[in-house]
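Shown below: protein30.cif, with mmCIF, C-alpha atoms.
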data_input
loop_
_atom_site.label_atom_id
_atom_site.label_comp_id
_atom_site.auth_asym_id
_atom_site.auth_seq_id
_atom_site.Cartn_x
_atom_site.Cartn_y
_atom_site.Cartn_z
CA MET E 1 -13.20 37.48 50.66
CA PRO E 2 -10.88 38.97 53.29
CA GLY E 3 -10.78 37.27 56.67
CA PRO E 4 -11.25 39.24 59.88
CA GLY E 5 -7.60 40.19 60.08
CA ALA E 6 -6.91 40.76 56.39
CA GLY E 7 -4.32 43.46 55.90
CA THR E 8 -2.58 42.89 59.23
CA ALA E 9 -0.20 40.36 57.70
CA LYS E 10 2.56 42.91 57.32
CA ALA E 11 3.65 42.26 60.92
CA GLY E 12 7.13 40.79 60.65
CA LYS E 13 9.29 39.21 58.01
CA PRO E 14 8.13 35.67 57.24
CA ARG E 15 9.95 32.69 58.65
CA VAL E 16 9.25 29.03 58.08
CA PHE E 17 6.97 27.00 60.35
CA ALA E 18 6.58 23.23 60.08
CA ALA E 19 2.88 22.48 60.40
CA ASP E 20 0.73 19.37 60.57
CA LEU E 21 -2.80 20.69 60.20
CA HIS E 22 -4.79 17.48 60.64
CA VAL E 23 -4.28 15.52 63.85
CA HIS E 24 -6.84 13.48 65.79
CA THR E 25 -6.95 12.94 69.53
CA ALA E 26 -8.44 9.93 71.30
CA LEU E 27 -11.76 11.79 71.14
CA SER E 28 -12.09 10.49 67.59
CA PRO E 29 -13.42 6.96 68.15
CA CYS E 30 -11.25 5.60 65.34
CA ALA E 31 -8.09 7.05 66.93
CA GLU E 32 -6.04 5.07 69.42
CA THR E 33 -6.29 5.95 73.11
CA GLU E 34 -2.60 6.93 73.16
CA MET E 35 -3.52 10.10 71.19
CA SER E 36 -3.44 12.15 74.40
CA PRO E 37 -2.39 15.80 74.73
CA GLY E 38 0.91 14.76 76.33
CA ASN E 39 1.83 12.25 73.64
CA ILE E 40 0.76 14.49 70.75
CA VAL E 41 2.63 17.54 72.03
CA GLY E 42 5.71 15.52 73.00
CA LEU E 43 5.93 13.74 69.67
CA ALA E 44 5.24 16.89 67.64
CA LEU E 45 8.10 18.67 69.40
CA GLU E 46 10.40 15.69 68.96
CA TYR E 47 9.75 15.79 65.21
CA GLY E 48 10.37 19.53 65.07
CA LEU E 49 6.83 20.58 64.26
CA ASP E 50 6.00 24.20 65.12
CA ILE E 51 2.23 24.05 64.60
CA VAL E 52 -0.30 21.28 65.03
CA ALA E 53 -4.03 21.59 64.32
CA VAL E 54 -6.30 19.41 66.44
CA THR E 55 -9.08 18.17 64.17
CA ASP E 56 -11.34 15.53 65.68
CA HIS E 57 -14.41 14.22 63.89
CA ASN E 58 -17.34 16.63 64.31
CA SER E 59 -16.09 17.89 67.68
CA GLY E 60 -13.61 20.34 69.12
CA ALA E 61 -13.95 19.02 72.66
CA ASN E 62 -10.23 18.19 73.11
CA ALA E 63 -8.81 21.26 71.36
CA ARG E 64 -8.56 23.22 74.61
CA ALA E 65 -6.80 20.37 76.44
CA VAL E 66 -4.11 20.03 73.76
CA SER E 67 -3.79 23.77 73.34
CA GLU E 68 -3.33 24.43 77.06
CA PHE E 69 -1.06 21.43 77.49
CA ALA E 70 1.19 22.87 74.77
CA ALA E 71 1.33 26.33 76.36
CA GLY E 72 4.94 27.27 77.06
CA THR E 73 6.40 24.30 75.14
CA GLY E 74 6.99 26.22 71.92
CA LEU E 75 4.40 24.19 70.02
CA VAL E 76 1.47 26.21 68.69
CA VAL E 77 -1.89 24.45 68.59
CA TRP E 78 -4.59 25.63 66.21
CA PRO E 79 -8.12 24.63 67.23
CA GLY E 80 -10.01 22.83 64.53
CA MET E 81 -12.39 20.08 63.53
CA GLU E 82 -12.91 17.57 60.74
CA VAL E 83 -16.54 17.94 59.75
CA GLN E 84 -18.34 15.15 57.90
CA THR E 85 -20.92 16.63 55.54
CA LYS E 86 -24.09 14.90 54.43
CA GLU E 87 -22.31 13.76 51.26
CA GLU E 88 -19.84 12.01 53.64
CA VAL E 89 -17.14 14.41 52.54
CA HIS E 90 -14.57 15.40 55.17
CA LEU E 91 -13.76 19.10 55.49
CA VAL E 92 -11.13 20.53 57.83
CA VAL E 93 -12.25 23.67 59.65
CA LEU E 94 -9.70 25.80 61.54
CA ALA E 95 -10.59 28.59 63.99
CA ASP E 96 -8.56 31.57 65.22
CA ASP E 97 -9.28 30.74 68.84
CA LEU E 98 -11.06 28.29 71.12
CA ALA E 99 -14.12 30.51 71.56
CA LEU E 100 -14.75 30.54 67.80
CA LEU E 101 -14.28 26.78 67.67
CA GLU E 102 -16.73 26.32 70.52
CA ASP E 103 -19.32 28.41 68.66
CA TRP E 104 -18.70 26.30 65.58
CA GLN E 105 -19.04 23.12 67.61
CA GLU E 106 -22.45 24.28 68.80
CA LEU E 107 -23.59 24.57 65.19
CA VAL E 108 -22.16 21.16 64.29
CA TYR E 109 -23.78 19.47 67.30
CA ARG E 110 -27.14 20.99 66.29
CA HIS E 111 -26.80 19.31 62.91
CA LEU E 112 -25.38 16.01 64.12
CA PRO E 113 -27.88 13.19 64.77
CA SER E 114 -28.27 12.80 68.50
CA ARG E 115 -27.52 9.17 69.17
CA PRO E 116 -25.14 7.58 71.64
CA ASN E 117 -21.75 6.25 70.63
CA ARG E 118 -21.30 2.48 70.68
CA PRO E 119 -17.73 2.14 71.94
CA ASP E 120 -17.75 -1.60 71.19
CA VAL E 121 -18.44 -0.81 67.53
CA PHE E 122 -16.76 2.55 66.89
CA GLY E 123 -14.27 2.92 69.77
CA GLU E 124 -14.06 5.17 72.84
CA GLN E 125 -14.43 8.96 72.57
CA THR E 126 -11.96 10.00 75.27
CA LEU E 127 -11.89 13.48 76.81
CA PHE E 128 -8.82 15.01 78.47
CA ASP E 129 -8.07 17.96 80.74
CA ASN E 130 -5.31 20.52 80.19
CA GLU E 131 -2.84 18.37 82.12
CA GLY E 132 -3.48 15.52 79.74
CA ARG E 133 -5.47 13.40 82.17
CA VAL E 134 -8.52 11.42 81.05
CA THR E 135 -11.65 13.09 82.38
CA GLY E 136 -14.29 10.90 80.77
CA VAL E 137 -15.90 10.08 77.46
CA LEU E 138 -18.14 12.00 75.09
CA GLU E 139 -21.45 10.14 74.93
CA ARG E 140 -22.88 11.30 71.61
CA LEU E 141 -21.80 9.55 68.42
CA LEU E 142 -19.25 11.58 66.45
CA LEU E 143 -18.60 9.15 63.61
CA THR E 144 -21.48 10.19 61.38
CA SER E 145 -22.56 13.02 59.10
CA VAL E 146 -24.07 16.40 59.91
CA ASP E 147 -27.19 17.20 57.90
CA LEU E 148 -25.41 20.04 56.09
CA SER E 149 -24.04 19.88 52.56
CA VAL E 150 -20.41 20.67 51.67
CA ASP E 151 -21.60 23.98 50.28
CA GLU E 152 -23.54 24.84 53.43
CA VAL E 153 -20.57 24.01 55.67
CA ARG E 154 -18.19 25.97 53.43
CA ARG E 155 -20.47 29.03 53.30
CA GLU E 156 -21.14 29.02 57.05
CA ALA E 157 -17.44 28.59 57.88
CA ARG E 158 -16.53 31.47 55.55
CA ARG E 159 -19.24 33.65 57.04
CA ARG E 160 -17.67 33.14 60.46
CA GLY E 161 -14.17 33.83 59.14
CA LEU E 162 -12.98 30.24 59.65
CA VAL E 163 -10.59 28.47 57.31
CA CYS E 164 -12.30 25.51 55.61
CA TYR E 165 -10.93 23.07 53.05
CA PRO E 166 -11.46 19.52 51.75
CA ALA E 167 -9.45 16.85 53.57
CA HIS E 168 -7.40 14.05 51.96
CA VAL E 169 -8.81 14.51 48.45
CA ASP E 170 -6.51 11.78 47.15
CA ARG E 171 -8.03 9.12 49.40
CA PRO E 172 -10.69 6.58 48.34
CA ALA E 173 -12.99 7.24 51.32
CA TYR E 174 -14.68 10.37 52.69
CA GLY E 175 -12.90 12.58 50.17
CA TYR E 176 -14.38 15.27 47.96
CA VAL E 177 -13.22 13.51 44.80
CA SER E 178 -14.13 9.95 45.84
CA ASN E 179 -17.64 10.99 46.90
CA LEU E 180 -18.48 13.92 44.64
CA GLY E 181 -16.45 12.95 41.58
CA PHE E 182 -14.34 16.09 41.13
CA LEU E 183 -13.33 19.31 42.86
CA PRO E 184 -15.42 22.49 42.69
CA PRO E 185 -13.84 25.65 41.22
CA ALA E 186 -10.91 27.20 43.09
CA SER E 187 -13.21 30.09 44.03
CA ASP E 188 -14.99 27.61 46.32
CA PHE E 189 -11.89 25.93 47.68
CA ASP E 190 -8.52 27.52 46.95
CA LEU E 191 -6.93 25.38 49.67
CA ILE E 192 -6.88 21.59 49.46
CA GLU E 193 -5.43 18.95 51.75
CA VAL E 194 -3.71 15.86 50.38
CA SER E 195 -2.54 12.94 52.44
CA SER E 196 1.11 12.20 53.03
CA ARG E 197 0.79 8.75 51.48
CA LEU E 198 1.75 9.85 47.98
CA THR E 199 4.38 12.34 46.85
CA LEU E 200 3.07 15.69 45.70
CA GLY E 201 4.07 14.79 42.14
CA GLU E 202 2.02 11.60 42.26
CA VAL E 203 -0.99 13.42 43.66
CA LYS E 204 -0.83 16.13 41.00
CA ALA E 205 -0.56 13.53 38.25
CA LYS E 206 -3.64 11.80 39.65
CA LEU E 207 -5.58 15.03 40.20
CA PRO E 208 -4.75 17.67 37.58
CA SER E 209 -7.51 19.87 39.07
CA LEU E 210 -5.14 20.67 41.97
CA GLU E 211 -3.29 23.00 39.60
CA GLY E 212 -3.69 26.62 40.65
CA ARG E 213 -4.69 25.82 44.23
CA THR E 214 -2.75 25.96 47.46
CA ILE E 215 -1.97 22.52 48.85
CA VAL E 216 -1.30 21.33 52.38
CA ILE E 217 0.05 17.89 53.20
CA SER E 218 -1.14 16.61 56.57
CA SER E 219 -0.80 13.38 58.51
CA ASP E 220 -4.47 12.83 59.44
CA ALA E 221 -2.81 10.95 62.31
CA HIS E 222 -5.11 8.66 64.28
CA ARG E 223 -2.16 6.81 65.84
CA LEU E 224 1.10 8.03 67.34
CA GLU E 225 3.14 6.21 64.71
CA GLU E 226 1.44 8.31 62.02
CA LEU E 227 2.37 11.61 63.66
CA GLY E 228 5.63 13.44 62.99
CA PRO E 229 7.05 13.18 59.49
CA ALA E 230 4.11 14.69 57.59
CA ARG E 231 4.25 18.46 57.35
CA THR E 232 3.64 21.56 55.29
CA TRP E 233 6.03 24.49 55.41
CA LEU E 234 4.26 27.73 56.21
CA HIS E 235 6.14 30.97 55.48
CA MET E 236 4.53 33.42 57.89
CA GLY E 237 5.39 36.31 60.19
CA GLN E 238 3.65 34.70 63.17
CA PRO E 239 2.14 31.24 63.76
CA THR E 240 -1.42 32.59 63.54
CA LEU E 241 -4.38 31.66 61.41
CA ASP E 242 -4.45 35.21 60.14
CA GLU E 243 -0.96 34.81 58.75
CA PHE E 244 -2.00 31.44 57.34
CA ARG E 245 -4.78 33.18 55.40
CA ALA E 246 -2.18 35.51 53.92
CA ALA E 247 0.01 32.51 53.09
CA ILE E 248 -2.83 30.68 51.33
CA VAL E 249 -3.22 33.53 48.84
CA GLY E 250 0.48 34.40 48.78
CA ARG E 251 0.09 37.88 50.23
CA ASP E 252 3.01 39.97 51.58
CA GLY E 253 5.63 37.29 50.94
CA ARG E 254 3.68 34.68 52.89
CA LYS E 255 3.30 31.28 51.28
CA VAL E 256 2.36 27.65 51.80
CA GLU E 257 4.91 25.13 50.66
CA ALA E 258 4.05 21.43 50.34
CA LEU E 259 6.95 19.26 49.24
CA MET K 260 -38.75 2.78 27.58
CA LYS K 261 -38.76 6.55 28.06
CA VAL K 262 -37.83 8.31 31.31
CA SER K 263 -41.35 9.73 31.48
CA GLU K 264 -42.84 6.22 31.30
CA VAL K 265 -40.53 4.94 34.04
CA ALA K 266 -41.35 7.96 36.20
CA LYS K 267 -45.05 7.29 35.80
CA ALA K 268 -44.80 3.56 36.45
CA LEU K 269 -42.69 4.02 39.60
CA GLY K 270 -44.52 7.12 40.85
CA LEU K 271 -41.39 9.28 40.73
CA ASP K 272 -41.74 13.01 41.17
CA VAL K 273 -39.99 14.87 38.33
CA VAL K 274 -38.38 17.93 39.94
CA ALA K 275 -36.06 19.14 37.17
CA GLY K 276 -34.86 18.53 33.63
CA VAL K 277 -38.29 18.05 32.07
CA ALA K 278 -36.72 18.63 28.65
CA GLY K 279 -35.03 15.24 28.93
CA LEU K 280 -38.10 13.15 29.71
CA ASP K 281 -38.08 11.53 26.28
CA ARG K 282 -34.64 10.05 26.85
CA GLU K 283 -34.42 6.29 26.50
CA VAL K 284 -33.86 4.03 29.53
CA THR K 285 -32.31 0.62 28.88
CA GLY K 286 -30.76 -0.22 32.24
CA GLY K 287 -29.95 1.04 35.70
CA TYR K 288 -27.13 1.79 38.08
CA SER K 289 -27.13 2.64 41.76
CA GLY K 290 -24.34 4.29 43.69
CA ASP K 291 -23.54 7.26 45.92
CA LEU K 292 -19.81 7.56 45.39
CA LEU K 293 -19.69 9.72 42.30
CA SER K 294 -16.21 8.55 41.41
CA ASP K 295 -17.60 5.01 41.18
CA VAL K 296 -20.62 6.10 39.13
CA MET K 297 -18.35 7.98 36.72
CA ALA K 298 -16.40 4.79 36.18
CA ARG K 299 -19.27 2.32 35.91
CA ALA K 300 -22.61 3.81 34.88
CA LYS K 301 -23.50 3.20 31.24
CA PRO K 302 -25.29 5.42 28.73
CA LYS K 303 -29.10 5.11 29.00
CA ASP K 304 -28.91 3.74 32.55
CA LEU K 305 -31.27 5.28 35.05
CA TRP K 306 -29.02 6.26 37.97
CA ILE K 307 -30.43 5.76 41.47
CA THR K 308 -28.69 7.58 44.31
CA ILE K 309 -29.11 9.34 47.65
CA GLN K 310 -26.74 12.17 46.71
CA GLY K 311 -28.39 15.51 46.01
CA HIS K 312 -25.27 17.59 45.35
CA GLN K 313 -25.07 19.47 42.04
CA ASN K 314 -22.18 17.30 40.88
CA ILE K 315 -24.72 14.53 40.17
CA VAL K 316 -25.82 16.51 37.11
CA ALA K 317 -22.28 16.78 35.79
CA VAL K 318 -21.75 13.06 36.34
CA ALA K 319 -25.06 12.34 34.57
CA VAL K 320 -23.97 14.43 31.57
CA LEU K 321 -20.57 12.75 31.51
CA THR K 322 -21.89 9.18 31.71
CA GLU K 323 -24.88 9.91 29.45
CA VAL K 324 -27.29 8.23 31.85
CA ALA K 325 -30.97 8.80 31.01
CA GLY K 326 -31.74 10.54 34.28
CA VAL K 327 -31.21 10.55 38.03
CA VAL K 328 -33.53 9.22 40.72
CA VAL K 329 -32.80 10.86 44.06
CA SER K 330 -34.33 8.36 46.43
CA GLY K 331 -35.02 7.95 50.13
CA SER K 332 -36.79 11.32 50.44
CA VAL K 333 -33.49 13.15 49.94
CA GLU K 334 -34.04 16.74 48.86
CA PRO K 335 -31.75 17.71 45.94
CA GLU K 336 -29.97 21.05 46.41
CA ARG K 337 -31.35 24.08 44.58
CA ASP K 338 -28.13 24.32 42.51
CA THR K 339 -28.72 20.74 41.40
CA LEU K 340 -32.19 21.49 40.07
CA GLU K 341 -31.04 24.63 38.24
CA ARG K 342 -28.18 22.78 36.64
CA ALA K 343 -30.40 19.83 35.67
CA ASP K 344 -32.84 22.23 33.99
CA ARG K 345 -29.98 23.84 32.07
CA GLU K 346 -28.63 20.48 30.95
CA GLY K 347 -32.00 18.83 30.34
CA ILE K 348 -31.19 15.96 32.68
CA PRO K 349 -34.33 14.61 34.36
CA VAL K 350 -34.04 14.55 38.15
CA MET K 351 -36.73 12.63 40.00
CA ARG K 352 -37.50 12.37 43.70
CA THR K 353 -39.09 9.53 45.58
CA PRO K 354 -39.59 8.43 49.17
CA LEU K 355 -38.72 4.89 48.04
CA SER K 356 -35.34 3.49 49.03
CA VAL K 357 -32.63 2.76 46.48
CA PHE K 358 -33.43 -0.94 46.94
CA GLU K 359 -37.12 -0.42 46.16
CA VAL K 360 -36.49 1.75 43.10
CA ALA K 361 -33.90 -0.65 41.72
CA GLY K 362 -36.18 -3.65 42.27
CA ARG K 363 -39.14 -2.03 40.58
CA LEU K 364 -37.05 -0.70 37.70
CA HIS K 365 -35.51 -4.11 37.13
CA LYS K 366 -38.93 -5.68 36.91
CA LEU K 367 -40.17 -2.95 34.57
CA LEU K 368 -37.36 -3.16 32.00
#
Give the structure from the file, written as structure tokens.
Amino acid sequence: MPGPGAGTAKAGKPRVFAADLHVHTALSPCAETEMSPGNIVGLALEYGLDIVAVTDHNSGANARAVSEFAAGTGLVVWPGMEVQTKEEVHLVVLADDLALLEDWQELVYRHLPSRPNRPDVFGEQTLFDNEGRVTGVLERLLLTSVDLSVDEVRREARRRGLVCYPAHVDRPAYGYVSNLGFLPPASDFDLIEVSSRLTLGEVKAKLPSLEGRTIVISSDAHRLEELGPARTWLHMGQPTLDEFRAAIVGRDGRKVEAL
Amino acid sequence: MKVSEVAKALGLDVVAGVAGLDREVTGGYSGDLLSDVMARAKPKDLWITIQGHQNIVAVAVLTEVAGVVVSGSVEPERDTLERADREGIPVMRTPLSVFEVAGRLHKLL
């Protein structure tokens, strides 16, 4: 199914972008408070990353802060979210722009149980402004599941032209394989994220069903010390989600390279 | 004991896979991580879970469990029911919790 900008990928000869497409901010209660826009952007640049996707649990509330903080630094920030489905499977959702992410967030909040966070149990859910300052906390609990299935989230994300794929399928918790036993056909998910804890060879030996799919390796960083080395090489004309869509399917010389 | 007899005794609502109601139940297993169930459930177990995703049918076929009890008022997906009908794997619903179903099944067997 072509995305909104399918066919526009011919713009420019591809070059290589280093991308970490799964990074949490301090909004995620399980992430450390040092995961601020300033620290994330600074560290990403220090490690030579070109693209970072901000993917907090069930919320996109800090995506704008990180995105605007990064403006002019050379780092491109893709707005995203890590959705927890009712099977407790984590899916990464990436949006072309902040408005689309905010629409998506509305849907997710409608399907997220409305109960307050318990910072003493789960941790603080810290909000930032575009200068990286703490502006407050998000009251509602993010560390739980929406009442939508993996298939419902996937279909709705596709319908809106968002990129959606299973997170850390090699991990023992909140992964598609740990919770649902095995991956669906590549027609459902042609893009899969694996963690940076194993080499790609080890992951493929463990999960032969990855064969024939496009793989990204991401940090899933919740702490500063986890951010930096993990990356996927994206061969694209521009650092846009549209070009990423072309890279996922290998169109026009675009490709995704996980090493 | 047959699946149909267990379903009757525990008041389970058979929602798919009627063709498999004569299957024999000799034990039980409960779990919601399908990777764990694949590794540990035994043939002829009745599997009690709160997952309603269609992969439960594939895991049931693979492990040769007698049937699946989707408990806690969870509504199995439509795909799950269609697949269970195709495979002849009984899928049963109940408002009872996993704990309640397991306790009653244990007493029954």
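If we count only C-alpha atoms, these residues of chain K sit within 8 Å of chain E: Asp291, Leu292, Leu293, Ser294, Asp295, Met297, Gln310, His312, Asn314, Ile315 and Val318 of chain K.
The coordinates place CA of Pro208 (chain E) at 28.3 Å from CA of Pro335 (chain K).
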Subject >> Residues within 10 Å of (-43.5, 5.3, 41.4), file coords, all atoms listed in the file, listed as a ChimeraX atom specification >> reply: /K:265-272,352-355,359-360,363-364
**OP:** To one decimal in Å, tell me the separation between CA of Ala319 (chain K) and CA of Asp281 (chain K).
**Re:** 15.5 Å
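Each of K:His365, K:Ala317, K:Glu336, K:Glu323 was compared to Lys303 (chain K) using all atoms listed in the file, and K:Glu323 turns out to be the nearest.
Using only C-alpha atoms, the smallest distance between any of E:Gly42, E:Gly80, E:Gly132, E:Pro113 and Val93 (chain E) comes from E:Gly80.
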**OP:** Could you list the residues chosen by the PyMOL selection byres ((chain K and resi 346) around 12) in this structure as a ChimeraX atom specification?
**Re:** /K:275-279,313,315-321,323,325-326,339-345,347-350
For the residues in the current selection, export C-alpha atoms as a compact mmCIF listing (two decimals), in the frame of the given file.
# COMPACT_ATOMS: atom_id res chain seq x y z
CA ALA K 275 -36.06 19.14 37.17
CA GLY K 276 -34.86 18.53 33.63
CA VAL K 277 -38.29 18.05 32.07
CA ALA K 278 -36.72 18.63 28.65
CA GLY K 279 -35.03 15.24 28.93
CA GLN K 313 -25.07 19.47 42.04
CA ILE K 315 -24.72 14.53 40.17
CA VAL K 316 -25.82 16.51 37.11
CA ALA K 317 -22.28 16.78 35.79
CA VAL K 318 -21.75 13.06 36.34
CA ALA K 319 -25.06 12.34 34.57
CA VAL K 320 -23.97 14.43 31.57
CA LEU K 321 -20.57 12.75 31.51
CA GLU K 323 -24.88 9.91 29.45
CA ALA K 325 -30.97 8.80 31.01
CA GLY K 326 -31.74 10.54 34.28
CA THR K 339 -28.72 20.74 41.40
CA LEU K 340 -32.19 21.49 40.07
CA GLU K 341 -31.04 24.63 38.24
CA ARG K 342 -28.18 22.78 36.64
CA ALA K 343 -30.40 19.83 35.67
CA ASP K 344 -32.84 22.23 33.99
CA ARG K 345 -29.98 23.84 32.07
CA GLY K 347 -32.00 18.83 30.34
CA ILE K 348 -31.19 15.96 32.68
CA PRO K 349 -34.33 14.61 34.36
CA VAL K 350 -34.04 14.55 38.15
Original post:
Counting only C-alpha atoms, which of K:Pro302, K:Gly311, K:Ala361, K:Met351 gets nearest to Asp338 (chain K)?
Top reply: K:Gly311
Given the PyMOL selection byres ((chain E and resi 73) around 12) and the file above, list the residues it selects as a compact mmCIF listing (two decimals) with C-alpha atoms, in the coordinates of the input.
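Writing the result to result_32.txt gives the following:
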# COMPACT_ATOMS: atom_id res chain seq x y z
CA GLY E 38 0.91 14.76 76.33
CA VAL E 41 2.63 17.54 72.03
CA GLY E 42 5.71 15.52 73.00
CA LEU E 43 5.93 13.74 69.67
CA ALA E 44 5.24 16.89 67.64
CA LEU E 45 8.10 18.67 69.40
CA GLU E 46 10.40 15.69 68.96
CA GLY E 48 10.37 19.53 65.07
CA LEU E 49 6.83 20.58 64.26
CA ASP E 50 6.00 24.20 65.12
CA ILE E 51 2.23 24.05 64.60
CA VAL E 66 -4.11 20.03 73.76
CA SER E 67 -3.79 23.77 73.34
CA GLU E 68 -3.33 24.43 77.06
CA PHE E 69 -1.06 21.43 77.49
CA ALA E 70 1.19 22.87 74.77
CA ALA E 71 1.33 26.33 76.36
CA GLY E 72 4.94 27.27 77.06
CA GLY E 74 6.99 26.22 71.92
CA LEU E 75 4.40 24.19 70.02
CA VAL E 76 1.47 26.21 68.69
CA VAL E 77 -1.89 24.45 68.59
Subject >> Gly290 (chain K) environment, 7 Å, only C-alpha atoms, sequence neighbours closer than 4 positions dropped, as number ranges by chain >> reply: K: 296, 307-308
Subject >> Non-local contacts of Leu227 (chain E) (8 Å; all atoms listed in the file; under 4 positions in same chain excluded) as an NGL selection string >> reply: :E and (23 or 40 or 43-44 or 219 or 221 or 223)
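A straight line drawn from CA of Arg154 (chain E) to CA of Leu241 (chain E) is 16.9 Å long.
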Original post:
Which residues, written as a PyMOL selection string, have at least one atom at most 7 Å from Ala247 (chain E), with all atoms listed in the file counted and residues fewer than 6 positions away on the same chain left out?
Top reply: chain E and resi 235-236+254-256
**OP:** Please provide the set of residues having any atom within 6 Å of Asp20 (chain E), restricted to all atoms listed in the file, with same-chain residues fewer than 5 positions apart removed, written as number ranges by chain.
**Re:** E: 52, 218, 231
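Residues captured in this structure file are Ala53, Val54, Ala63, Trp78, Gly80 and Ala95 of chain E, according to the PyMOL selection byres ((chain E and resi 79) around 6).
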Subject >> Minimum-distance residue to Thr199 (chain E), chosen among E:Leu127, E:Leu143, E:Leu234, E:Ile217 (using only C-alpha atoms) >> reply: E:Ile217
Find the residues near Val216 (chain E): any atom within 10 Å, counting only C-alpha atoms, skip ones fewer than 5 places away on the same chain, and give them as a PDB file with C-alpha atoms, in the coordinates of the input.
ATOM      1  CA  ALA E  19       2.880  22.480  60.400  1.00  0.00           C
ATOM      2  CA  ASP E  20       0.730  19.370  60.570  1.00  0.00           C
ATOM      3  CA  LEU E  21      -2.800  20.690  60.200  1.00  0.00           C
ATOM      4  CA  HIS E  22      -4.790  17.480  60.640  1.00  0.00           C
ATOM      5  CA  TYR E 165     -10.930  23.070  53.050  1.00  0.00           C
ATOM      6  CA  ALA E 167      -9.450  16.850  53.570  1.00  0.00           C
ATOM      7  CA  HIS E 168      -7.400  14.050  51.960  1.00  0.00           C
ATOM      8  CA  LEU E 191      -6.930  25.380  49.670  1.00  0.00           C
ATOM      9  CA  ILE E 192      -6.880  21.590  49.460  1.00  0.00           C
ATOM     10  CA  GLU E 193      -5.430  18.950  51.750  1.00  0.00           C
ATOM     11  CA  VAL E 194      -3.710  15.860  50.380  1.00  0.00           C
ATOM     12  CA  SER E 195      -2.540  12.940  52.440  1.00  0.00           C
ATOM     13  CA  SER E 196       1.110  12.200  53.030  1.00  0.00           C
ATOM     14  CA  LEU E 200       3.070  15.690  45.700  1.00  0.00           C
ATOM     15  CA  ARG E 231       4.250  18.460  57.350  1.00  0.00           C
ATOM     16  CA  THR E 232       3.640  21.560  55.290  1.00  0.00           C
ATOM     17  CA  TRP E 233       6.030  24.490  55.410  1.00  0.00           C
ATOM     18  CA  LEU E 234       4.260  27.730  56.210  1.00  0.00           C
ATOM     19  CA  ILE E 248      -2.830  30.680  51.330  1.00  0.00           C
ATOM     20  CA  VAL E 256       2.360  27.650  51.800  1.00  0.00           C
ATOM     21  CA  GLU E 257       4.910  25.130  50.660  1.00  0.00           C
ATOM     22  CA  ALA E 258       4.050  21.430  50.340  1.00  0.00           C
ATOM     23  CA  LEU E 259       6.950  19.260  49.240  1.00  0.00           C
TER      24      LEU E 259
END
Please, can region 201-210 of chain E be completed to N, CA, C and O atoms and returned as a PDB file, in the frame of the given file?
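Saved the output as result_17.pdb:
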ATOM      1  N   GLY E 201       4.068  15.036  43.575  1.00  0.00           N
ATOM      2  CA  GLY E 201       4.070  14.790  42.140  1.00  0.00           C
ATOM      3  C   GLY E 201       3.045  13.729  41.750  1.00  0.00           C
ATOM      4  O   GLY E 201       2.306  13.885  40.771  1.00  0.00           O
ATOM      5  N   GLU E 202       2.982  12.674  42.540  1.00  0.00           N
ATOM      6  CA  GLU E 202       2.020  11.600  42.260  1.00  0.00           C
ATOM      7  C   GLU E 202       0.574  12.100  42.404  1.00  0.00           C
ATOM      8  O   GLU E 202      -0.297  11.764  41.601  1.00  0.00           O
ATOM      9  N   VAL E 203       0.361  12.905  43.434  1.00  0.00           N
ATOM     10  CA  VAL E 203      -0.990  13.420  43.660  1.00  0.00           C
ATOM     11  C   VAL E 203      -1.414  14.337  42.520  1.00  0.00           C
ATOM     12  O   VAL E 203      -2.540  14.261  42.017  1.00  0.00           O
ATOM     13  N   LYS E 204      -0.490  15.191  42.080  1.00  0.00           N
ATOM     14  CA  LYS E 204      -0.830  16.130  41.000  1.00  0.00           C
ATOM     15  C   LYS E 204      -1.076  15.415  39.686  1.00  0.00           C
ATOM     16  O   LYS E 204      -1.914  15.839  38.884  1.00  0.00           O
ATOM     17  N   ALA E 205      -0.342  14.302  39.470  1.00  0.00           N
ATOM     18  CA  ALA E 205      -0.560  13.530  38.250  1.00  0.00           C
ATOM     19  C   ALA E 205      -1.948  12.886  38.283  1.00  0.00           C
ATOM     20  O   ALA E 205      -2.628  12.775  37.268  1.00  0.00           O
ATOM     21  N   LYS E 206      -2.363  12.467  39.486  1.00  0.00           N
ATOM     22  CA  LYS E 206      -3.640  11.800  39.650  1.00  0.00           C
ATOM     23  C   LYS E 206      -4.791  12.826  39.596  1.00  0.00           C
ATOM     24  O   LYS E 206      -5.889  12.522  39.131  1.00  0.00           O
ATOM     25  N   LEU E 207      -4.539  14.012  40.103  1.00  0.00           N
ATOM     26  CA  LEU E 207      -5.580  15.030  40.200  1.00  0.00           C
ATOM     27  C   LEU E 207      -5.114  16.342  39.568  1.00  0.00           C
ATOM     28  O   LEU E 207      -4.692  17.263  40.270  1.00  0.00           O
ATOM     29  N   PRO E 208      -5.207  16.445  38.245  1.00  0.00           N
ATOM     30  CA  PRO E 208      -4.750  17.670  37.580  1.00  0.00           C
ATOM     31  C   PRO E 208      -5.502  18.914  38.066  1.00  0.00           C
ATOM     32  O   PRO E 208      -4.985  20.024  37.972  1.00  0.00           O
ATOM     33  N   SER E 209      -6.707  18.716  38.617  1.00  0.00           N
ATOM     34  CA  SER E 209      -7.510  19.870  39.070  1.00  0.00           C
ATOM     35  C   SER E 209      -6.898  20.553  40.291  1.00  0.00           C
ATOM     36  O   SER E 209      -7.390  21.580  40.737  1.00  0.00           O
ATOM     37  N   LEU E 210      -5.819  19.994  40.849  1.00  0.00           N
ATOM     38  CA  LEU E 210      -5.140  20.670  41.970  1.00  0.00           C
ATOM     39  C   LEU E 210      -4.344  21.873  41.474  1.00  0.00           C
ATOM     40  O   LEU E 210      -3.996  22.753  42.251  1.00  0.00           O
TER      41      LEU E 210
END
